[in-house]
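K.L.:
Data file protein_27.cif (mmCIF, C-alpha atoms and all ligand atoms) is appended below.
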```
data_model
#
loop_
_atom_site.group_PDB
_atom_site.id
_atom_site.type_symbol
_atom_site.label_atom_id
_atom_site.label_comp_id
_atom_site.auth_asym_id
_atom_site.auth_seq_id
_atom_site.Cartn_x
_atom_site.Cartn_y
_atom_site.Cartn_z
ATOM 1 C CA MET A 1 -6.381 21.094 38.894
ATOM 2 C CA ASN A 2 -3.716 19.514 41.102
ATOM 3 C CA LYS A 3 -0.719 17.911 39.452
ATOM 4 C CA PRO A 4 -1.336 14.227 38.605
ATOM 5 C CA LEU A 5 0.963 11.878 40.543
ATOM 6 C CA SER A 6 1.933 8.899 38.440
ATOM 7 C CA HIS A 7 1.998 5.510 40.132
ATOM 8 C CA HIS A 8 1.886 1.914 38.968
ATOM 9 C CA GLU A 9 -1.079 0.082 40.445
ATOM 10 C CA THR A 10 -0.765 -2.850 42.864
ATOM 11 C CA ILE A 11 -3.594 -4.807 44.497
ATOM 12 C CA VAL A 12 -4.038 -3.573 48.055
ATOM 13 C CA PRO A 13 -7.041 -4.887 50.010
ATOM 14 C CA ARG A 14 -8.307 -2.071 52.273
ATOM 15 C CA GLU A 15 -10.725 -3.271 54.896
ATOM 16 C CA HIS A 16 -13.474 -1.989 57.212
ATOM 17 C CA LEU A 17 -13.944 1.377 55.504
ATOM 18 C CA ASP A 18 -16.930 3.353 56.762
ATOM 19 C CA PHE A 19 -18.635 5.656 54.282
ATOM 20 C CA ARG A 20 -21.305 6.762 56.787
ATOM 21 C CA LEU A 21 -24.214 5.957 54.480
ATOM 22 C CA ASP A 22 -26.974 6.878 56.887
ATOM 23 C CA GLU A 23 -30.342 8.627 56.667
ATOM 24 C CA THR A 24 -28.649 12.022 56.289
ATOM 25 C CA VAL A 25 -27.568 11.106 52.733
ATOM 26 C CA PRO A 26 -30.143 12.867 50.547
ATOM 27 C CA LYS A 27 -32.514 10.527 48.698
ATOM 28 C CA TYR A 28 -31.434 12.114 45.408
ATOM 29 C CA TRP A 29 -27.797 12.451 46.340
ATOM 30 C CA PHE A 30 -26.643 13.226 42.813
ATOM 31 C CA ARG A 31 -27.376 16.970 42.381
ATOM 32 C CA GLY A 32 -30.967 16.399 43.514
ATOM 33 C CA ASP A 33 -31.525 14.639 40.182
ATOM 34 C CA ALA A 34 -33.860 11.647 40.576
ATOM 35 C CA TYR A 35 -33.011 9.946 37.288
ATOM 36 C CA LYS A 36 -29.248 10.182 37.497
ATOM 37 C CA THR A 37 -29.225 9.187 41.174
ATOM 38 C CA ARG A 38 -31.316 6.126 40.442
ATOM 39 C CA VAL A 39 -29.015 5.078 37.577
ATOM 40 C CA PHE A 40 -26.026 5.034 39.972
ATOM 41 C CA ASP A 41 -28.178 3.334 42.644
ATOM 42 C CA ALA A 42 -29.394 0.706 40.186
ATOM 43 C CA VAL A 43 -25.953 -0.100 38.755
ATOM 44 C CA GLN A 44 -24.444 -0.583 42.196
ATOM 45 C CA SER A 45 -27.390 -2.628 43.555
ATOM 46 C CA GLY A 46 -26.088 -5.737 41.795
ATOM 47 C CA PHE A 47 -22.516 -5.357 43.055
ATOM 48 C CA PRO A 48 -22.673 -7.567 46.198
ATOM 49 C CA ASP A 49 -24.110 -10.573 44.364
ATOM 50 C CA GLY A 50 -22.144 -9.736 41.232
ATOM 51 C CA GLU A 51 -18.929 -9.776 43.200
ATOM 52 C CA ARG A 52 -19.856 -13.108 44.758
ATOM 53 C CA TYR A 53 -20.395 -14.377 41.194
ATOM 54 C CA PHE A 54 -16.943 -13.076 40.170
ATOM 55 C CA ILE A 55 -15.324 -14.774 43.153
ATOM 56 C CA THR A 56 -17.159 -18.063 42.432
ATOM 57 C CA SER A 57 -16.154 -17.950 38.762
ATOM 58 C CA VAL A 58 -12.473 -17.354 39.528
ATOM 59 C CA ARG A 59 -12.425 -19.765 42.470
ATOM 60 C CA ALA A 60 -13.491 -22.594 40.112
ATOM 61 C CA PHE A 61 -9.941 -22.504 38.711
ATOM 62 C CA ARG A 62 -8.021 -21.691 41.872
ATOM 63 C CA ASP A 63 -6.726 -25.212 42.438
ATOM 64 C CA CYS A 64 -5.269 -25.278 38.903
ATOM 65 C CA ILE A 65 -3.082 -22.190 39.514
ATOM 66 C CA ASP A 66 0.577 -23.138 39.965
ATOM 67 C CA ASP A 67 2.111 -19.665 39.838
ATOM 68 C CA PRO A 68 2.468 -18.355 43.436
ATOM 69 C CA VAL A 69 2.258 -14.718 42.250
ATOM 70 C CA MET A 70 -1.057 -15.414 40.531
ATOM 71 C CA ARG A 71 -2.345 -17.305 43.587
ATOM 72 C CA GLN A 72 -1.603 -14.279 45.761
ATOM 73 C CA GLU A 73 -3.258 -11.932 43.250
ATOM 74 C CA VAL A 74 -6.367 -14.122 43.268
ATOM 75 C CA ARG A 75 -6.444 -14.003 47.086
ATOM 76 C CA ASP A 76 -6.097 -10.195 47.087
ATOM 77 C CA PHE A 77 -8.724 -9.873 44.351
ATOM 78 C CA MET A 78 -11.165 -11.913 46.465
ATOM 79 C CA ARG A 79 -10.434 -9.825 49.545
ATOM 80 C CA GLN A 80 -11.044 -6.579 47.631
ATOM 81 C CA GLU A 81 -14.279 -7.893 46.097
ATOM 82 C CA GLY A 82 -15.451 -9.157 49.492
ATOM 83 C CA GLN A 83 -15.035 -5.650 50.950
ATOM 84 C CA HIS A 84 -16.821 -4.066 47.980
ATOM 85 C CA GLY A 85 -19.719 -6.455 48.569
ATOM 86 C CA LEU A 86 -19.974 -5.387 52.235
ATOM 87 C CA ALA A 87 -19.893 -1.663 51.429
ATOM 88 C CA HIS A 88 -22.517 -1.944 48.700
ATOM 89 C CA THR A 89 -24.712 -4.085 50.966
ATOM 90 C CA ARG A 90 -24.788 -1.098 53.336
ATOM 91 C CA TYR A 91 -25.642 1.117 50.358
ATOM 92 C CA ASN A 92 -28.526 -1.223 49.462
ATOM 93 C CA GLN A 93 -29.715 -1.108 53.081
ATOM 94 C CA MET A 94 -29.819 2.681 52.787
ATOM 95 C CA LEU A 95 -32.002 2.328 49.668
ATOM 96 C CA GLU A 96 -34.245 -0.136 51.524
ATOM 97 C CA ARG A 97 -34.755 2.475 54.270
ATOM 98 C CA GLN A 98 -35.856 4.926 51.578
ATOM 99 C CA GLY A 99 -38.634 2.473 50.688
ATOM 100 C CA MET A 100 -36.987 1.001 47.603
ATOM 101 C CA PRO A 101 -38.001 -2.635 46.841
ATOM 102 C CA MET A 102 -34.474 -3.927 47.436
ATOM 103 C CA GLU A 103 -35.515 -7.358 48.676
ATOM 104 C CA ASP A 104 -37.182 -8.165 45.341
ATOM 105 C CA ILE A 105 -34.466 -6.529 43.244
ATOM 106 C CA LEU A 106 -31.641 -8.305 45.076
ATOM 107 C CA GLN A 107 -33.403 -11.676 44.965
ATOM 108 C CA GLU A 108 -33.908 -11.356 41.205
ATOM 109 C CA GLY A 109 -30.272 -10.427 40.728
ATOM 110 C CA LYS A 110 -29.119 -13.310 42.903
ATOM 111 C CA ASP A 111 -31.286 -15.749 40.919
ATOM 112 C CA GLU A 112 -29.778 -14.480 37.678
ATOM 113 C CA PHE A 113 -26.167 -14.823 38.878
ATOM 114 C CA GLU A 114 -26.927 -18.334 40.153
ATOM 115 C CA ARG A 115 -28.537 -19.235 36.843
ATOM 116 C CA TRP A 116 -25.355 -18.177 35.011
ATOM 117 C CA THR A 117 -23.206 -20.255 37.353
ATOM 118 C CA LYS A 118 -25.398 -23.334 36.873
ATOM 119 C CA THR A 119 -26.154 -22.944 33.155
ATOM 120 C CA TYR A 120 -22.825 -21.935 31.633
ATOM 121 C CA SER A 121 -19.486 -23.719 31.631
ATOM 122 C CA PRO A 122 -16.831 -22.647 34.161
ATOM 123 C CA GLU A 123 -14.810 -21.340 31.177
ATOM 124 C CA PHE A 124 -17.650 -19.116 29.972
ATOM 125 C CA ASN A 125 -18.362 -17.872 33.491
ATOM 126 C CA VAL A 126 -14.736 -16.854 34.044
ATOM 127 C CA ALA A 127 -14.745 -15.202 30.577
ATOM 128 C CA HIS A 128 -17.958 -13.369 31.495
ATOM 129 C CA THR A 129 -16.338 -12.346 34.778
ATOM 130 C CA ALA A 130 -13.216 -11.082 32.989
ATOM 131 C CA ALA A 131 -15.438 -9.046 30.645
ATOM 132 C CA LEU A 132 -17.461 -7.533 33.502
ATOM 133 C CA GLU A 133 -14.209 -6.833 35.340
ATOM 134 C CA HIS A 134 -12.990 -4.892 32.313
ATOM 135 C CA PHE A 135 -16.229 -2.926 32.555
ATOM 136 C CA THR A 136 -15.723 -2.170 36.257
ATOM 137 C CA ALA A 137 -12.046 -1.292 35.695
ATOM 138 C CA THR A 138 -13.197 1.420 33.283
ATOM 139 C CA MET A 139 -15.541 2.800 35.978
ATOM 140 C CA ALA A 140 -12.713 4.999 37.309
ATOM 141 C CA PHE A 141 -12.441 6.694 33.906
ATOM 142 C CA ALA A 142 -16.196 7.143 33.490
ATOM 143 C CA TYR A 143 -16.697 8.658 36.942
ATOM 144 C CA PHE A 144 -13.404 10.273 37.974
ATOM 145 C CA ALA A 145 -11.203 11.242 35.003
ATOM 146 C CA ARG A 146 -13.206 14.456 34.416
ATOM 147 C CA ALA A 147 -14.133 16.579 37.432
ATOM 148 C CA ALA A 148 -17.511 17.568 35.987
ATOM 149 C CA VAL A 149 -18.942 14.030 36.071
ATOM 150 C CA MET A 150 -19.178 13.672 39.863
ATOM 151 C CA GLU A 151 -19.428 17.360 40.754
ATOM 152 C CA GLY A 152 -22.390 17.969 43.065
ATOM 153 C CA ALA A 153 -22.581 14.363 44.259
ATOM 154 C CA ASP A 154 -22.888 13.609 47.984
ATOM 155 C CA PRO A 155 -19.305 13.218 49.299
ATOM 156 C CA ARG A 156 -20.084 9.931 51.089
ATOM 157 C CA VAL A 157 -21.431 8.157 48.006
ATOM 158 C CA LYS A 158 -18.725 9.736 45.852
ATOM 159 C CA ALA A 159 -15.970 8.475 48.182
ATOM 160 C CA LEU A 160 -17.420 4.952 48.069
ATOM 161 C CA PHE A 161 -17.475 4.918 44.276
ATOM 162 C CA ALA A 162 -13.934 6.361 44.175
ATOM 163 C CA TRP A 163 -12.490 3.664 46.466
ATOM 164 C CA HIS A 164 -14.300 0.920 44.559
ATOM 165 C CA ALA A 165 -13.270 2.288 41.148
ATOM 166 C CA ILE A 166 -9.623 2.534 42.244
ATOM 167 C CA GLU A 167 -9.523 -1.042 43.509
ATOM 168 C CA GLU A 168 -11.247 -2.327 40.370
ATOM 169 C CA MET A 169 -8.405 -0.764 38.401
ATOM 170 C CA GLU A 170 -5.846 -2.346 40.691
ATOM 171 C CA HIS A 171 -7.107 -5.886 40.103
ATOM 172 C CA LYS A 172 -8.135 -5.411 36.469
ATOM 173 C CA SER A 173 -5.929 -8.251 35.154
ATOM 174 C CA VAL A 174 -6.664 -10.976 37.709
ATOM 175 C CA ALA A 175 -9.806 -12.590 36.247
ATOM 176 C CA TYR A 176 -8.427 -12.031 32.732
ATOM 177 C CA ASP A 177 -5.185 -13.881 33.492
ATOM 178 C CA VAL A 178 -7.060 -16.769 35.122
ATOM 179 C CA MET A 179 -9.354 -16.941 32.089
ATOM 180 C CA GLN A 180 -6.486 -16.916 29.603
ATOM 181 C CA LYS A 181 -3.623 -18.713 31.323
ATOM 182 C CA VAL A 182 -5.494 -21.168 33.545
ATOM 183 C CA ALA A 183 -8.917 -21.756 31.959
ATOM 184 C CA GLY A 184 -7.419 -21.602 28.441
ATOM 185 C CA VAL A 185 -10.242 -19.471 27.009
ATOM 186 C CA GLY A 186 -9.553 -18.393 23.424
ATOM 187 C CA TYR A 187 -10.455 -15.319 21.408
ATOM 188 C CA PHE A 188 -13.996 -16.204 20.323
ATOM 189 C CA LYS A 189 -15.273 -17.197 23.744
ATOM 190 C CA ARG A 190 -13.599 -14.131 25.274
ATOM 191 C CA VAL A 191 -15.287 -11.662 22.893
ATOM 192 C CA ALA A 192 -18.634 -13.513 22.940
ATOM 193 C CA ALA A 193 -18.563 -13.142 26.733
ATOM 194 C CA MET A 194 -17.862 -9.408 26.371
ATOM 195 C CA ALA A 195 -20.798 -8.960 23.972
ATOM 196 C CA TYR A 196 -22.984 -10.779 26.530
ATOM 197 C CA ALA A 197 -21.588 -8.626 29.372
ATOM 198 C CA ILE A 198 -22.341 -5.357 27.516
ATOM 199 C CA LYS A 199 -25.887 -6.535 26.812
ATOM 200 C CA ASN A 200 -26.379 -7.455 30.477
ATOM 201 C CA MET A 201 -24.941 -4.188 31.802
ATOM 202 C CA ILE A 202 -27.207 -2.047 29.629
ATOM 203 C CA ARG A 203 -30.279 -4.246 30.083
ATOM 204 C CA TYR A 204 -30.058 -4.354 33.881
ATOM 205 C CA THR A 205 -29.168 -0.658 34.159
ATOM 206 C CA TYR A 206 -32.515 0.129 32.517
ATOM 207 C CA ILE A 207 -34.570 -2.553 34.274
ATOM 208 C CA TYR A 208 -33.470 -1.567 37.790
ATOM 209 C CA THR A 209 -33.375 2.202 37.203
ATOM 210 C CA ASP A 210 -36.950 1.880 36.019
ATOM 211 C CA ARG A 211 -37.941 -0.191 39.066
ATOM 212 C CA LEU A 212 -36.464 2.370 41.471
ATOM 213 C CA LEU A 213 -38.155 5.287 39.691
ATOM 214 C CA GLU A 214 -41.453 3.406 39.764
ATOM 215 C CA ALA A 215 -41.043 2.966 43.522
ATOM 216 C CA ASP A 216 -40.360 6.719 43.714
ATOM 217 C CA GLY A 217 -43.832 7.260 42.238
ATOM 218 C CA TYR A 218 -42.991 8.137 38.643
ATOM 219 C CA THR A 219 -45.640 6.989 36.162
ATOM 220 C CA ARG A 220 -44.743 4.863 33.158
ATOM 221 C CA ARG A 221 -45.072 7.873 30.873
ATOM 222 C CA GLN A 222 -42.849 10.003 33.123
ATOM 223 C CA ARG A 223 -40.249 7.246 33.286
ATOM 224 C CA ILE A 224 -40.112 6.862 29.518
ATOM 225 C CA GLY A 225 -39.659 10.630 29.259
ATOM 226 C CA LEU A 226 -36.778 10.512 31.741
ATOM 227 C CA HIS A 227 -35.061 7.646 29.874
ATOM 228 C CA VAL A 228 -35.322 9.578 26.600
ATOM 229 C CA ARG A 229 -34.175 12.935 28.025
ATOM 230 C CA ASN A 230 -31.159 11.341 29.729
ATOM 231 C CA PHE A 231 -30.130 9.169 26.793
ATOM 232 C CA PHE A 232 -27.098 11.306 25.935
ATOM 233 C CA TRP A 233 -26.021 11.658 29.571
ATOM 234 C CA LEU A 234 -25.701 7.865 29.589
ATOM 235 C CA HIS A 235 -24.740 7.061 25.988
ATOM 236 C CA GLY A 236 -23.318 10.276 24.517
ATOM 237 C CA PRO A 237 -20.168 9.351 22.547
ATOM 238 C CA ARG A 238 -17.772 11.771 24.268
ATOM 239 C CA LYS A 239 -19.202 12.547 27.684
ATOM 240 C CA GLY A 240 -21.813 9.823 28.289
ATOM 241 C CA ILE A 241 -21.272 7.624 31.347
ATOM 242 C CA TYR A 242 -21.305 4.510 29.139
ATOM 243 C CA GLY A 243 -20.786 6.208 25.764
ATOM 244 C CA SER A 244 -17.399 7.630 26.756
ATOM 245 C CA LEU A 245 -16.195 4.079 27.466
ATOM 246 C CA ALA A 246 -16.911 2.782 23.956
ATOM 247 C CA GLY A 247 -13.249 2.929 22.917
ATOM 248 C CA LYS A 248 -12.094 1.037 26.008
ATOM 249 C CA LEU A 249 -14.798 -1.595 25.551
ATOM 250 C CA LEU A 250 -14.015 -2.005 21.853
ATOM 251 C CA ALA A 251 -10.329 -2.479 22.693
ATOM 252 C CA TYR A 252 -11.343 -5.734 24.372
ATOM 253 C CA PHE A 253 -12.322 -7.126 20.945
ATOM 254 C CA ARG A 254 -8.769 -6.721 19.644
ATOM 255 C CA PRO A 255 -6.874 -10.002 19.268
ATOM 256 C CA GLY A 256 -3.909 -9.828 21.633
ATOM 257 C CA PHE A 257 -5.686 -7.465 24.040
ATOM 258 C CA HIS A 258 -4.558 -7.500 27.671
ATOM 259 C CA PRO A 259 -5.924 -5.226 30.467
ATOM 260 C CA THR A 260 -2.414 -3.931 31.244
ATOM 261 C CA GLN A 261 -2.356 -2.293 27.779
ATOM 262 C CA GLU A 262 -5.006 0.132 29.068
ATOM 263 C CA PRO A 263 -3.455 3.159 30.763
ATOM 264 C CA THR A 264 -4.042 3.734 34.471
ATOM 265 C CA ILE A 265 -6.249 6.734 35.206
ATOM 266 C CA HIS A 266 -4.000 9.838 35.378
ATOM 267 C CA ASN A 267 -5.030 10.754 38.962
ATOM 268 C CA TYR A 268 -4.645 7.273 40.514
ATOM 269 C CA GLY A 269 -1.419 8.336 42.259
ATOM 270 C CA ASN A 270 -3.257 11.264 43.892
ATOM 271 C CA TRP A 271 -5.853 8.962 45.441
ATOM 272 C CA LEU A 272 -3.124 6.558 46.551
ATOM 273 C CA GLU A 273 -0.832 9.203 48.051
ATOM 274 C CA ALA A 274 -3.690 10.738 50.065
ATOM 275 C CA TRP A 275 -4.874 7.285 51.185
ATOM 276 C CA GLU A 276 -1.401 6.221 52.340
ATOM 277 C CA ARG A 277 -0.970 9.487 54.215
ATOM 278 C CA THR A 278 -4.380 9.611 55.926
ATOM 279 C CA HIS A 279 -6.122 6.210 55.556
ATOM 280 C CA ASP A 280 -9.204 8.335 55.004
ATOM 281 C CA PRO A 281 -11.262 7.464 51.896
ATOM 282 C CA PHE A 282 -12.809 10.961 51.921
ATOM 283 C CA ALA A 283 -9.424 12.693 51.762
ATOM 284 C CA ALA A 284 -8.347 10.248 49.053
ATOM 285 C CA CYS A 285 -11.486 10.979 47.041
ATOM 286 C CA ASP A 286 -10.904 14.738 47.385
ATOM 287 C CA ALA A 287 -7.334 14.305 46.089
ATOM 288 C CA LEU A 288 -8.590 12.207 43.169
ATOM 289 C CA CYS A 289 -11.206 14.811 42.226
ATOM 290 C CA ALA A 290 -8.797 17.751 42.695
ATOM 291 C CA ALA A 291 -6.493 16.206 40.078
ATOM 292 C CA ALA A 292 -9.310 15.313 37.654
ATOM 293 C CA TRP A 293 -9.439 17.042 34.257
ATOM 294 C CA ARG A 294 -11.408 20.287 34.225
HETATM 295 FE FE FE A 301 -15.590 -4.751 43.126
HETATM 296 FE FE FE A 302 -13.550 -6.402 40.387
#
```
Kindly transcribe the structure held in the file into structure tokens.
P.N.:
Amino acid sequence: MNKPLSHHETIVPREHLDFRLDETVPKYWFRGDAYKTRVFDAVQSGFPDGERYFITSVRAFRDCIDDPVMRQEVRDFMRQEGQHGLAHTRYNQMLERQGMPMEDILQEGKDEFERWTKTYSPEFNVAHTAALEHFTATMAFAYFARAAVMEGADPRVKALFAWHAIEEMEHKSVAYDVMQKVAGVGYFKRVAAMAYAIKNMIRYTYIYTDRLLEADGYTRRQRIGLHVRNFFWLHGPRKGIYGSLAGKLLAYFRPGFHPTQEPTIHNYGNWLEAWERTHDPFAACDALCAAAWR
């Protein structure tokens, strides 16, 4: 394990990154494992429209922001999310080329995000955004704190997730501060939105993983078997992709919580140092993984 380089995070929009997601990326890019690959594929499929929803929810309060520092952070947050949306659109196009029903899946997701925008108050939508942003800010810990989690993944997909996870951590406070300081959302609405966000994350992870596996030709019985056999990989309390985040998600329910109270991932500085030196997201991802816990 390389020595972790400590660094305080700042929001840096990095644009036009090319992860080379072409037909040479194996269909089951995660260790040849269909189920686990499709979980990652499913979770990320909603990112482009999800990020548009985040931007819309925060933008609703933009004109009420007086603080110039916060205005700049909101601009940088939008630029980062815009780039994430573009990169994950290319990822979804790769899935489409594999024969996955992305048009239907993306339309359903888009309809759902639009329904939230139309149905709920701007305050609840920004609270829901802040909650989902807390979720995405923890992504770095779930995927990249321990080396074993992403070992054996295709380097192109891994580098995309690493860049996205790092930037989510960089802007982890932006939607939260807009929610609290500008929209004036209090404790109960904030935690109700988090409960709703957790339900949505888990629900849509299963719905879209199942849809992708069905398109892969797995029968209903086979799919149920896969969900059951992989339950602990996803929800195990110590090492599960979601299960290991329980403590960080529960912290959000604490009165007085603020995202800056959560520590930055120990190997953030390694990603950043390699990025600043090379401007190569693959080299940065390698540095991040080399400093991950063994
Ligand atoms: Fe993002
Ligand atoms: Fe984000």
K.L.:
Taking only C-alpha atoms and all ligand atoms into account, which residues have an atom no farther than 12 Å from ligand FE 302 (chain A)? I'd like them as a ChimeraX atom specification.
P.N.:
/A:11,13,47-48,50-55,57-58,74,76-85,129-140,163-176
K.L.:
Any idea what the distance is between atom CA of Arg156 of chain A and atom CA of Arg20 of chain A?
P.N.:
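One can read the atom CA of Arg156 of chain A to atom CA of Arg20 of chain A distance as 6.6 Å.
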K.L.:
Mind giving me the axis-aligned box for segment 146-157 of chain A with 3 Å on every side, centre plus edges in Å to one decimal, as AutoDock Vina command-line options?
P.N.:
```
--center_x -18.0 --center_y 13.1 --center_z 42.8 --size_x 15.7 --size_y 15.8 --size_z 22.7
```
K.L.:
List the neighbours of Asp66 of chain A out to 12 Å using only C-alpha atoms; skip same-chain residues closer than 4 positions along the sequence, and give me the result as number ranges by chain.
P.N.:
A: 61-62, 70-72, 74, 178, 181-182
K.L.:
Can you work out which one of A:Glu15, A:Glu73, A:Asp280, A:Asp22 has the shortest atom-to-atom distance to Asp177 of chain A, counting all atoms listed in the file?
P.N.:
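Of all the options, A:Glu73 lies closest to Asp177 of chain A.
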K.L.:
Copy segment 31-44 of chain A out of the block into a file, keeping N, CA and C atoms, as a PDB file, in the first residue's frame.
P.N.:
```
ATOM      1  N   ARG A  31     -14.950  -8.575 -12.977  1.00  0.00           N
ATOM      2  CA  ARG A  31     -14.472  -9.947 -12.711  1.00  0.00           C
ATOM      3  C   ARG A  31     -15.254 -11.010 -13.482  1.00  0.00           C
ATOM      4  N   GLY A  32     -15.863 -10.630 -14.596  1.00  0.00           N
ATOM      5  CA  GLY A  32     -16.656 -11.606 -15.354  1.00  0.00           C
ATOM      6  C   GLY A  32     -17.941 -12.004 -14.638  1.00  0.00           C
ATOM      7  N   ASP A  33     -18.308 -11.242 -13.614  1.00  0.00           N
ATOM      8  CA  ASP A  33     -19.454 -11.578 -12.769  1.00  0.00           C
ATOM      9  C   ASP A  33     -20.684 -10.804 -13.256  1.00  0.00           C
ATOM     10  N   ALA A  34     -21.658 -11.541 -13.798  1.00  0.00           N
ATOM     11  CA  ALA A  34     -22.832 -10.883 -14.401  1.00  0.00           C
ATOM     12  C   ALA A  34     -23.606 -10.070 -13.363  1.00  0.00           C
ATOM     13  N   TYR A  35     -23.863 -10.661 -12.214  1.00  0.00           N
ATOM     14  CA  TYR A  35     -24.710  -9.963 -11.231  1.00  0.00           C
ATOM     15  C   TYR A  35     -24.067  -8.665 -10.745  1.00  0.00           C
ATOM     16  N   LYS A  36     -22.818  -8.782 -10.322  1.00  0.00           N
ATOM     17  CA  LYS A  36     -22.162  -7.609  -9.740  1.00  0.00           C
ATOM     18  C   LYS A  36     -21.980  -6.513 -10.798  1.00  0.00           C
ATOM     19  N   THR A  37     -21.615  -6.931 -12.021  1.00  0.00           N
ATOM     20  CA  THR A  37     -21.491  -5.944 -13.100  1.00  0.00           C
ATOM     21  C   THR A  37     -22.802  -5.205 -13.288  1.00  0.00           C
ATOM     22  N   ARG A  38     -23.893  -5.962 -13.334  1.00  0.00           N
ATOM     23  CA  ARG A  38     -25.183  -5.330 -13.624  1.00  0.00           C
ATOM     24  C   ARG A  38     -25.664  -4.446 -12.468  1.00  0.00           C
ATOM     25  N   VAL A  39     -25.224  -4.731 -11.242  1.00  0.00           N
ATOM     26  CA  VAL A  39     -25.559  -3.811 -10.137  1.00  0.00           C
ATOM     27  C   VAL A  39     -24.887  -2.457 -10.387  1.00  0.00           C
ATOM     28  N   PHE A  40     -23.578  -2.471 -10.685  1.00  0.00           N
ATOM     29  CA  PHE A  40     -22.877  -1.206 -10.965  1.00  0.00           C
ATOM     30  C   PHE A  40     -23.513  -0.506 -12.178  1.00  0.00           C
ATOM     31  N   ASP A  41     -23.806  -1.299 -13.227  1.00  0.00           N
ATOM     32  CA  ASP A  41     -24.402  -0.724 -14.444  1.00  0.00           C
ATOM     33  C   ASP A  41     -25.750  -0.072 -14.123  1.00  0.00           C
ATOM     34  N   ALA A  42     -26.544  -0.780 -13.321  1.00  0.00           N
ATOM     35  CA  ALA A  42     -27.888  -0.287 -13.003  1.00  0.00           C
ATOM     36  C   ALA A  42     -27.819   0.998 -12.178  1.00  0.00           C
ATOM     37  N   VAL A  43     -26.966   0.994 -11.151  1.00  0.00           N
ATOM     38  CA  VAL A  43     -26.869   2.174 -10.276  1.00  0.00           C
ATOM     39  C   VAL A  43     -26.466   3.397 -11.087  1.00  0.00           C
ATOM     40  N   GLN A  44     -25.493   3.217 -11.984  1.00  0.00           N
ATOM     41  CA  GLN A  44     -25.017   4.390 -12.727  1.00  0.00           C
ATOM     42  C   GLN A  44     -25.975   4.822 -13.852  1.00  0.00           C
TER      43      GLN A  44
END
```
